[in-house]
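Below is model-v2.cif, which holds mmCIF, C-alpha atoms.
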data_my_file
loop_
_atom_site.label_atom_id
_atom_site.label_comp_id
_atom_site.auth_asym_id
_atom_site.auth_seq_id
_atom_site.Cartn_x
_atom_site.Cartn_y
_atom_site.Cartn_z
CA MET Z 1 -4.72 -225.33 32.29
CA LYS Z 2 -6.18 -225.94 28.82
CA LYS Z 3 -9.64 -225.03 30.14
CA LEU Z 4 -8.24 -221.83 31.75
CA SER Z 5 -6.48 -220.84 28.52
CA ALA Z 6 -9.67 -221.43 26.57
CA ARG Z 7 -11.61 -219.16 28.96
CA ARG Z 8 -9.00 -216.44 28.62
CA ARG Z 9 -9.36 -216.56 24.84
CA HIS Z 10 -13.14 -216.40 25.04
CA PRO Z 11 -14.60 -213.82 22.58
CA LEU Z 12 -16.24 -211.92 25.46
CA ALA Z 13 -13.03 -211.66 27.46
CA ALA Z 14 -12.02 -208.37 25.84
CA LEU Z 15 -15.45 -206.88 26.53
CA VAL Z 16 -15.29 -207.95 30.17
CA VAL Z 17 -11.83 -206.42 30.58
CA LEU Z 18 -13.04 -203.17 28.98
CA LEU Z 19 -16.02 -202.98 31.32
CA LEU Z 20 -13.81 -203.62 34.34
CA ALA Z 21 -11.42 -200.88 33.22
CA LEU Z 22 -14.28 -198.38 32.80
CA ALA Z 23 -15.67 -199.29 36.21
CA CYS Z 24 -12.30 -198.78 37.86
CA THR Z 25 -11.81 -195.44 36.08
CA GLY Z 26 -15.25 -194.24 37.15
CA GLY Z 27 -14.66 -195.33 40.71
CA LEU Z 28 -11.33 -193.54 40.91
CA TYR Z 29 -12.88 -190.36 39.49
CA ALA Z 30 -15.74 -190.51 41.98
CA VAL Z 31 -13.26 -190.86 44.83
CA PHE Z 32 -10.82 -188.14 43.87
CA ALA Z 33 -12.83 -185.56 41.90
CA PRO Z 34 -15.09 -184.37 44.79
CA ALA Z 35 -12.08 -183.97 47.02
CA ASP Z 36 -10.43 -181.76 44.40
CA LYS Z 37 -13.58 -179.64 44.05
CA ALA Z 38 -13.97 -179.32 47.81
CA GLN Z 39 -10.35 -178.33 48.13
CA ALA Z 40 -10.80 -175.68 45.43
CA ASP Z 41 -13.88 -174.31 47.17
CA GLU Z 42 -12.04 -174.23 50.48
CA THR Z 43 -9.15 -172.37 48.90
CA ALA Z 44 -11.49 -169.79 47.35
CA GLN Z 45 -13.26 -169.29 50.68
CA SER Z 46 -9.93 -168.86 52.46
CA LEU Z 47 -8.89 -166.19 49.96
CA THR Z 48 -12.23 -164.40 50.44
CA ILE Z 49 -11.76 -164.42 54.21
CA LYS Z 50 -8.20 -163.09 53.91
CA GLU Z 51 -9.34 -160.22 51.67
CA GLY Z 52 -12.15 -159.50 54.12
CA GLN Z 53 -9.67 -159.40 56.98
CA LYS Z 54 -7.61 -156.79 55.12
CA LEU Z 55 -10.70 -154.63 54.60
CA TYR Z 56 -11.67 -155.10 58.23
CA THR Z 57 -8.25 -154.05 59.49
CA VAL Z 58 -8.41 -150.81 57.53
CA GLY Z 59 -12.03 -149.82 58.04
CA CYS Z 60 -13.38 -151.55 61.16
CA ALA Z 61 -10.65 -152.64 63.58
CA SER Z 62 -10.22 -149.20 65.16
CA CYS Z 63 -13.69 -149.48 66.74
CA HIS Z 64 -14.40 -153.22 66.88
CA GLY Z 65 -10.91 -154.47 67.81
CA THR Z 66 -8.31 -156.27 65.76
CA GLY Z 67 -10.07 -159.61 66.17
CA GLY Z 68 -13.66 -158.38 66.27
CA GLN Z 69 -13.76 -158.71 70.05
CA GLY Z 70 -15.12 -155.19 70.48
CA THR Z 71 -13.83 -152.09 72.27
CA SER Z 72 -15.28 -149.16 74.17
CA ASP Z 73 -16.06 -147.58 70.78
CA GLY Z 74 -17.80 -150.55 69.19
CA PRO Z 75 -19.47 -153.84 70.13
CA SER Z 76 -18.08 -157.31 69.56
CA LEU Z 77 -18.74 -158.77 66.12
CA VAL Z 78 -18.11 -162.37 67.12
CA GLY Z 79 -21.25 -164.33 66.26
CA VAL Z 80 -23.20 -161.50 64.59
CA GLY Z 81 -23.08 -163.37 61.28
CA ALA Z 82 -22.75 -162.38 57.64
CA ALA Z 83 -26.31 -161.02 57.44
CA ALA Z 84 -25.57 -158.29 60.00
CA VAL Z 85 -22.48 -157.20 58.08
CA ASP Z 86 -24.33 -157.13 54.77
CA PHE Z 87 -27.14 -155.02 56.27
CA GLN Z 88 -24.95 -152.53 58.14
CA VAL Z 89 -22.39 -152.00 55.39
CA SER Z 90 -24.78 -152.13 52.41
CA THR Z 91 -26.96 -149.43 53.94
CA GLY Z 92 -23.96 -147.24 54.72
CA ARG Z 93 -24.52 -147.35 58.46
CA MET Z 94 -21.07 -148.85 58.84
CA PRO Z 95 -18.43 -147.56 59.00
CA ALA Z 96 -20.16 -145.11 61.33
CA ALA Z 97 -19.62 -141.37 61.10
CA THR Z 98 -17.59 -139.65 63.79
CA SER Z 99 -20.55 -137.59 65.06
CA GLN Z 100 -21.88 -138.71 68.44
CA SER Z 101 -25.53 -139.01 67.40
CA ALA Z 102 -28.00 -141.16 69.32
CA GLN Z 103 -28.43 -143.46 66.34
CA VAL Z 104 -26.36 -144.34 63.28
CA PRO Z 105 -28.28 -143.13 60.21
CA ARG Z 106 -28.43 -144.65 56.77
CA LYS Z 107 -26.04 -143.04 54.29
CA ARG Z 108 -24.23 -143.66 51.01
CA ASN Z 109 -22.43 -146.99 50.83
CA ILE Z 110 -18.65 -146.82 50.27
CA TYR Z 111 -17.99 -150.53 49.59
CA SER Z 112 -18.73 -152.64 46.54
CA GLN Z 113 -20.87 -155.75 46.92
CA ALA Z 114 -17.80 -157.93 46.37
CA GLU Z 115 -16.00 -156.16 49.24
CA ILE Z 116 -19.08 -156.48 51.44
CA ASP Z 117 -19.16 -160.22 50.75
CA GLN Z 118 -15.50 -160.45 51.74
CA LEU Z 119 -16.08 -158.54 54.97
CA ALA Z 120 -19.10 -160.72 55.72
CA ALA Z 121 -17.10 -163.88 55.12
CA TYR Z 122 -14.39 -162.74 57.53
CA ILE Z 123 -16.86 -161.80 60.29
CA ALA Z 124 -18.72 -165.08 59.78
CA SER Z 125 -15.43 -166.93 60.30
CA LEU Z 126 -15.15 -165.42 63.80
CA GLY Z 127 -18.30 -167.14 65.02
CA ALA Z 128 -21.51 -168.70 63.75
CA GLY Z 129 -24.35 -166.29 63.01
CA PRO Z 130 -27.20 -165.60 60.57
CA ALA Z 131 -26.20 -166.01 56.93
CA ILE Z 132 -27.07 -163.58 54.13
CA PRO Z 133 -30.57 -164.49 52.92
CA THR Z 134 -31.20 -165.65 49.37
CA GLU Z 135 -33.70 -164.14 46.96
CA ALA Z 136 -35.90 -167.19 47.45
CA GLN Z 137 -36.26 -166.25 51.12
CA TYR Z 138 -37.26 -162.59 50.68
CA GLY Z 139 -38.76 -162.63 47.18
CA PRO Z 140 -42.49 -162.06 46.53
CA GLU Z 141 -43.22 -165.59 45.31
CA GLY Z 142 -45.71 -167.29 47.61
CA ALA Z 143 -46.01 -164.32 49.98
CA ASP Z 144 -49.29 -163.43 51.72
CA ALA Z 145 -49.51 -159.66 52.17
CA ALA Z 146 -52.68 -159.91 54.28
CA LYS Z 147 -51.01 -162.25 56.75
CA GLY Z 148 -47.95 -160.02 56.66
CA GLY Z 149 -50.10 -157.03 57.61
CA GLU Z 150 -51.38 -158.87 60.66
CA LEU Z 151 -47.86 -159.81 61.70
CA PHE Z 152 -46.56 -156.29 61.06
CA ARG Z 153 -49.28 -154.65 63.14
CA ASN Z 154 -48.64 -157.04 66.02
CA ASN Z 155 -44.83 -156.86 66.00
CA CYS Z 156 -43.63 -153.76 64.15
CA ALA Z 157 -46.27 -151.01 64.01
CA GLN Z 158 -45.56 -149.83 67.57
CA CYS Z 159 -42.28 -148.35 66.33
CA HIS Z 160 -42.47 -148.15 62.54
CA ASN Z 161 -46.14 -146.99 62.38
CA PHE Z 162 -48.74 -149.25 60.78
CA THR Z 163 -47.73 -148.28 57.23
CA GLY Z 164 -43.97 -148.39 57.87
CA LYS Z 165 -43.47 -144.63 57.77
CA GLY Z 166 -41.26 -144.70 60.86
CA GLY Z 167 -41.57 -142.98 64.20
CA ALA Z 168 -39.77 -141.48 67.19
CA LEU Z 169 -38.34 -143.55 70.04
CA THR Z 170 -36.80 -142.56 73.37
CA HIS Z 171 -33.46 -140.80 73.98
CA GLY Z 172 -33.28 -139.26 70.49
CA LYS Z 173 -33.57 -142.57 68.65
CA TYR Z 174 -36.11 -143.38 65.96
CA ALA Z 175 -37.53 -146.20 63.90
CA PRO Z 176 -36.65 -145.41 60.27
CA SER Z 177 -39.14 -145.35 57.43
CA LEU Z 178 -39.34 -148.58 55.45
CA ASP Z 179 -40.36 -146.80 52.25
CA GLY Z 180 -37.79 -147.62 49.56
CA VAL Z 181 -35.88 -150.16 51.66
CA SER Z 182 -34.99 -153.29 49.69
CA PRO Z 183 -36.65 -156.61 50.63
CA LYS Z 184 -33.22 -158.09 51.34
CA HIS Z 185 -32.41 -155.41 53.91
CA ILE Z 186 -35.85 -155.70 55.56
CA TYR Z 187 -35.29 -159.45 55.91
CA GLU Z 188 -31.79 -158.92 57.33
CA ALA Z 189 -33.08 -156.33 59.81
CA MET Z 190 -35.70 -158.75 61.11
CA LEU Z 191 -33.10 -161.50 61.28
CA THR Z 192 -30.38 -159.53 63.10
CA GLY Z 193 -32.15 -156.73 65.03
CA PRO Z 194 -29.97 -153.68 64.29
CA GLN Z 195 -29.58 -150.95 66.92
CA SER Z 196 -32.81 -150.55 68.97
CA MET Z 197 -34.77 -153.11 66.96
CA PRO Z 198 -35.36 -156.57 68.46
CA SER Z 199 -34.34 -159.57 66.38
CA PHE Z 200 -36.87 -162.00 64.96
CA PRO Z 201 -35.10 -165.34 64.37
CA ASP Z 202 -36.85 -168.17 62.56
CA THR Z 203 -38.06 -169.48 65.91
CA THR Z 204 -40.04 -166.26 66.39
CA LEU Z 205 -40.94 -165.35 62.80
CA SER Z 206 -40.47 -168.13 60.27
CA GLU Z 207 -39.00 -167.55 56.82
CA GLN Z 208 -42.54 -167.51 55.41
CA ASN Z 209 -43.64 -165.00 58.05
CA LYS Z 210 -40.76 -162.68 57.13
CA LYS Z 211 -41.64 -162.98 53.46
CA ASP Z 212 -45.26 -162.10 54.27
CA VAL Z 213 -44.21 -159.03 56.27
CA ILE Z 214 -42.03 -157.82 53.40
CA ALA Z 215 -44.93 -158.28 50.97
CA TYR Z 216 -47.16 -156.14 53.21
CA VAL Z 217 -44.57 -153.37 53.58
CA LYS Z 218 -44.11 -153.25 49.82
CA ALA Z 219 -47.88 -153.26 49.25
CA VAL Z 220 -48.54 -150.26 51.51
CA ASN Z 221 -45.53 -148.31 50.25
CA GLY Z 222 -45.96 -148.86 46.52
CA GLU Z 223 -46.38 -146.19 43.86
CA ASP Z 224 -50.18 -146.49 43.83
CA THR Z 225 -50.78 -146.20 47.57
CA GLU Z 226 -51.19 -142.42 47.93
CA SER Z 227 -54.02 -141.40 50.22
CA PRO Z 228 -57.18 -140.95 48.10
CA GLY Z 229 -58.40 -138.33 50.59
CA GLY Z 230 -55.43 -136.02 50.13
CA LEU Z 231 -53.00 -135.32 52.98
CA SER Z 232 -52.38 -138.52 54.94
CA LEU Z 233 -51.47 -136.71 58.17
CA GLY Z 234 -48.43 -138.93 58.57
CA GLY Z 235 -50.35 -142.14 57.99
CA LEU Z 236 -51.00 -142.50 61.72
CA GLY Z 237 -54.56 -143.67 61.26
CA PRO Z 238 -57.57 -142.40 63.25
CA VAL Z 239 -55.39 -140.97 66.03
CA SER Z 240 -54.10 -138.08 63.94
CA GLU Z 241 -57.51 -137.35 62.40
CA GLY Z 242 -59.06 -137.34 65.87
CA LEU Z 243 -56.39 -134.99 67.17
CA PHE Z 244 -56.97 -132.65 64.23
CA ALA Z 245 -60.71 -132.61 64.87
CA TRP Z 246 -60.20 -132.10 68.61
CA ILE Z 247 -57.82 -129.16 68.32
CA PHE Z 248 -59.47 -127.26 65.47
CA GLY Z 249 -63.04 -128.34 66.17
CA LEU Z 250 -62.85 -127.52 69.87
CA GLY Z 251 -61.01 -124.30 69.07
CA ALA Z 252 -63.76 -123.28 66.70
CA LEU Z 253 -66.44 -124.04 69.31
CA ILE Z 254 -64.58 -121.93 71.90
CA ALA Z 255 -64.28 -119.07 69.42
CA VAL Z 256 -67.99 -119.19 68.66
CA ALA Z 257 -68.83 -119.30 72.38
CA VAL Z 258 -66.65 -116.25 73.06
CA TRP Z 259 -68.20 -114.41 70.14
CA VAL Z 260 -71.74 -115.19 71.31
CA ALA Z 261 -70.90 -114.17 74.87
CA ALA Z 262 -69.36 -110.92 73.68
CA ARG Z 263 -72.42 -110.03 71.60
CA THR Z 264 -74.74 -110.91 74.47
CA ALA Z 265 -72.80 -108.71 76.88
CA LYS Z 266 -72.77 -105.87 74.37
CA ALA Z 267 -76.54 -106.17 73.85
CA LYS Z 268 -77.21 -106.02 77.60
CA LYS Z 269 -75.12 -102.86 77.92
CA SER Z 270 -77.09 -101.28 75.14
#
Please lay out the structure from this file as structure tokens.
Amino acid sequence: MKKLSARRRHPLAALVVLLLALACTGGLYAVFAPADKAQADETAQSLTIKEGQKLYTVGCASCHGTGGQGTSDGPSLVGVGAAAVDFQVSTGRMPAATSQSAQVPRKRNIYSQAEIDQLAAYIASLGAGPAIPTEAQYGPEGADAAKGGELFRNNCAQCHNFTGKGGALTHGKYAPSLDGVSPKHIYEAMLTGPQSMPSFPDTTLSEQNKKDVIAYVKAVNGEDTESPGGLSLGGLGPVSEGLFAWIFGLGALIAVAVWVAARTAKAKKS
């Protein structure tokens, strides 16, 4: 007992007790603090989803159903993901106009970005789907425009034209021009495949591939890319120039031939 009492009164005893107390306090904080933060994040996300559901009920449920299951007037939204919502609503394509056109055109957006994020969060809660891309994914850093041009010509030029000026499709539909479209929306379109466009998930075009394609589109549609030869004839390449030469060149040759024949016939009569 005397030895135990002596150890308890050791000069370092107070320091040891203090260190143990600090260790216990740190351990308790490490255990409980993350749970509190996670709970706060979960609460904030729940509120965002609830606000998105309210917006959905007012502006989307009449076509897509009360639970996003789809109706005869609109497809199901279960599993489309937040990226599809951000693209469609940010570009004004949704809510769609009442006109029965073959394709929903781009128009003025009626929602704020905060409301779009809320709608996207609600739709994402209905089923897993592509998330909204970050700036690191679609930004110009590390992009290869030359590689993007190769990818664009192989996968996109058939509809959008090789400079992204757009083009006609079947049944009154069309591939819109990519001039002036934000990199974020180009990335989301590749990721989700809106309307007649096929989707290009990361298994088909990687994140780097998508970034390269965006860099190419921006390079050929920049402010300093006007045709140095004057009228670009729609930017269709040698096809349009050849057609121009064929129609007007051949027409001129026919006119000359008719003129020569007429003069020859007139000379013989004389």
Which residues of range 44-151 of chain Z have any atom within 12 Å of an atom in range 163-167 of chain Z when counting all atoms listed in the file, and what is the closest pair of atoms for each, with the distance in Å to one decimal? Order the rows by chain and rising number and write it as a tab-separated table.
residue	atom	partner	partner_atom	distance
Z:Gly148	CA	Z:Thr163	CA	11.8
Z:Gly149	CA	Z:Thr163	CA	9.1
Z:Glu150	CA	Z:Thr163	CA	11.7
Q: Just say which residues the PyMOL selection byres ((chain Z and resi 129) around 8) picks in this file, as a list in words.
A: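 Listing what the PyMOL selection byres ((chain Z and resi 129) around 8) selects in the shown file: Gly79, Val80, Gly81, Ala82, Ala83, Ala124, Gly127, Ala128, Pro130 and Ala131 of chain Z.
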Q) How would you write, as a list in words, the residues chosen by the PyMOL selection byres ((chain Z and resi 66) around 12) on this structure? A)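 That expression, the PyMOL selection byres ((chain Z and resi 66) around 12), corresponds here to Gln53, Lys54, Leu55, Tyr56, Thr57, Val58, Gly59, Cys60, Ala61, Ser62, Cys63, His64, Gly65, Gly67, Gly68, Gln69, Gly70, Thr71, Gly74, Ser76, Leu77, Val78, Ile123 and Leu126 of chain Z.
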Please report, as JSON lines, each residue of range 52-158 of chain Z lying at most 7 Å from range 198-216 of chain Z, together with the nearest pair of atoms and the separation in Å rounded to one decimal; use only C-alpha atoms, and order rows by chain and ascending residue number.
{"residue": "Z:Gln137", "atom": "CA", "partner": "Z:Glu207", "partner_atom": "CA", "distance": 6.5}
{"residue": "Z:Tyr138", "atom": "CA", "partner": "Z:Lys211", "partner_atom": "CA", "distance": 5.2}
{"residue": "Z:Gly139", "atom": "CA", "partner": "Z:Lys211", "partner_atom": "CA", "distance": 6.9}
{"residue": "Z:Pro140", "atom": "CA", "partner": "Z:Ala215", "partner_atom": "CA", "distance": 6.3}
{"residue": "Z:Ala143", "atom": "CA", "partner": "Z:Asp212", "partner_atom": "CA", "distance": 4.9}
{"residue": "Z:Asp144", "atom": "CA", "partner": "Z:Asp212", "partner_atom": "CA", "distance": 5.0}
{"residue": "Z:Ala145", "atom": "CA", "partner": "Z:Tyr216", "partner_atom": "CA", "distance": 4.4}
{"residue": "Z:Ala146", "atom": "CA", "partner": "Z:Tyr216", "partner_atom": "CA", "distance": 6.8}
{"residue": "Z:Lys147", "atom": "CA", "partner": "Z:Asp212", "partner_atom": "CA", "distance": 6.3}
{"residue": "Z:Gly148", "atom": "CA", "partner": "Z:Val213", "partner_atom": "CA", "distance": 3.9}
{"residue": "Z:Gly149", "atom": "CA", "partner": "Z:Tyr216", "partner_atom": "CA", "distance": 5.4}
{"residue": "Z:Leu151", "atom": "CA", "partner": "Z:Val213", "partner_atom": "CA", "distance": 6.6}
{"residue": "Z:Phe152", "atom": "CA", "partner": "Z:Val213", "partner_atom": "CA", "distance": 6.0}
Mind dumping the selected residues with C-alpha atoms as an mmCIF file, in the coordinates of the input?
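The result, stored in out_32.cif:
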data_model
loop_
_atom_site.group_PDB
_atom_site.id
_atom_site.type_symbol
_atom_site.label_atom_id
_atom_site.label_comp_id
_atom_site.auth_asym_id
_atom_site.auth_seq_id
_atom_site.Cartn_x
_atom_site.Cartn_y
_atom_site.Cartn_z
ATOM 1 C CA GLN Z 137 -36.260 -166.250 51.120
ATOM 2 C CA TYR Z 138 -37.260 -162.590 50.680
ATOM 3 C CA GLY Z 139 -38.760 -162.630 47.180
ATOM 4 C CA PRO Z 140 -42.490 -162.060 46.530
ATOM 5 C CA ALA Z 143 -46.010 -164.320 49.980
ATOM 6 C CA ASP Z 144 -49.290 -163.430 51.720
ATOM 7 C CA ALA Z 145 -49.510 -159.660 52.170
ATOM 8 C CA ALA Z 146 -52.680 -159.910 54.280
ATOM 9 C CA LYS Z 147 -51.010 -162.250 56.750
ATOM 10 C CA GLY Z 148 -47.950 -160.020 56.660
ATOM 11 C CA GLY Z 149 -50.100 -157.030 57.610
ATOM 12 C CA LEU Z 151 -47.860 -159.810 61.700
ATOM 13 C CA PHE Z 152 -46.560 -156.290 61.060
#
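Of the listed residues Z:Ala97, Z:Asp179, Z:Ala136, Z:Gly92, the one whose atoms come nearest to Ala219 in chain Z is Z:Asp179, with distances taken using only C-alpha atoms.
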Q: Would you mind reading off the distance between CA of Glu51 in chain Z and CA of Ala121 in chain Z, one decimal, in Å?
A: 9.2 Å
Fix up range 55-76 of chain Z with N, CA and C atoms, then write it as a compact mmCIF listing (two decimals), in the frame of the given file.
# COMPACT_ATOMS: atom_id res chain seq x y z
N LEU Z 55 -9.74 -155.73 54.59
CA LEU Z 55 -10.70 -154.63 54.60
C LEU Z 55 -11.11 -154.29 56.03
N TYR Z 56 -11.28 -155.31 56.84
CA TYR Z 56 -11.67 -155.10 58.23
C TYR Z 56 -10.59 -154.33 58.99
N THR Z 57 -9.36 -154.70 58.79
CA THR Z 57 -8.25 -154.05 59.49
C THR Z 57 -8.20 -152.57 59.18
N VAL Z 58 -8.47 -152.21 57.94
CA VAL Z 58 -8.41 -150.81 57.53
C VAL Z 58 -9.64 -150.02 57.99
N GLY Z 59 -10.82 -150.60 57.83
CA GLY Z 59 -12.03 -149.82 58.04
C GLY Z 59 -12.82 -150.08 59.30
N CYS Z 60 -12.52 -151.16 60.03
CA CYS Z 60 -13.38 -151.55 61.16
C CYS Z 60 -12.65 -151.79 62.47
N ALA Z 61 -11.37 -152.19 62.39
CA ALA Z 61 -10.65 -152.64 63.58
C ALA Z 61 -10.48 -151.54 64.62
N SER Z 62 -10.44 -150.28 64.21
CA SER Z 62 -10.22 -149.20 65.16
C SER Z 62 -11.34 -149.10 66.19
N CYS Z 63 -12.55 -149.52 65.81
CA CYS Z 63 -13.69 -149.48 66.74
C CYS Z 63 -14.03 -150.85 67.31
N HIS Z 64 -13.94 -151.89 66.48
CA HIS Z 64 -14.40 -153.22 66.88
C HIS Z 64 -13.27 -154.14 67.34
N GLY Z 65 -12.02 -153.65 67.35
CA GLY Z 65 -10.91 -154.47 67.81
C GLY Z 65 -10.29 -155.25 66.67
N THR Z 66 -9.05 -155.60 66.84
CA THR Z 66 -8.31 -156.27 65.76
C THR Z 66 -8.85 -157.65 65.44
N GLY Z 67 -9.50 -158.29 66.41
CA GLY Z 67 -10.07 -159.61 66.17
C GLY Z 67 -11.58 -159.63 66.27
N GLY Z 68 -12.21 -158.45 66.18
CA GLY Z 68 -13.66 -158.38 66.27
C GLY Z 68 -14.21 -158.56 67.66
N GLN Z 69 -13.33 -158.46 68.67
CA GLN Z 69 -13.76 -158.71 70.05
C GLN Z 69 -14.48 -157.52 70.66
N GLY Z 70 -14.45 -156.37 69.98
CA GLY Z 70 -15.12 -155.19 70.48
C GLY Z 70 -14.22 -154.32 71.34
N THR Z 71 -14.56 -153.04 71.43
CA THR Z 71 -13.83 -152.09 72.27
C THR Z 71 -14.86 -151.16 72.92
N SER Z 72 -14.37 -150.15 73.58
CA SER Z 72 -15.28 -149.16 74.17
C SER Z 72 -15.99 -148.33 73.10
N ASP Z 73 -15.47 -148.36 71.88
CA ASP Z 73 -16.06 -147.58 70.78
C ASP Z 73 -16.97 -148.41 69.88
N GLY Z 74 -16.98 -149.71 70.05
CA GLY Z 74 -17.80 -150.55 69.19
C GLY Z 74 -18.01 -151.93 69.78
N PRO Z 75 -19.18 -152.53 69.54
CA PRO Z 75 -19.47 -153.84 70.13
C PRO Z 75 -18.70 -154.97 69.48
N SER Z 76 -18.71 -156.12 70.12
CA SER Z 76 -18.08 -157.31 69.56
C SER Z 76 -18.85 -157.76 68.32
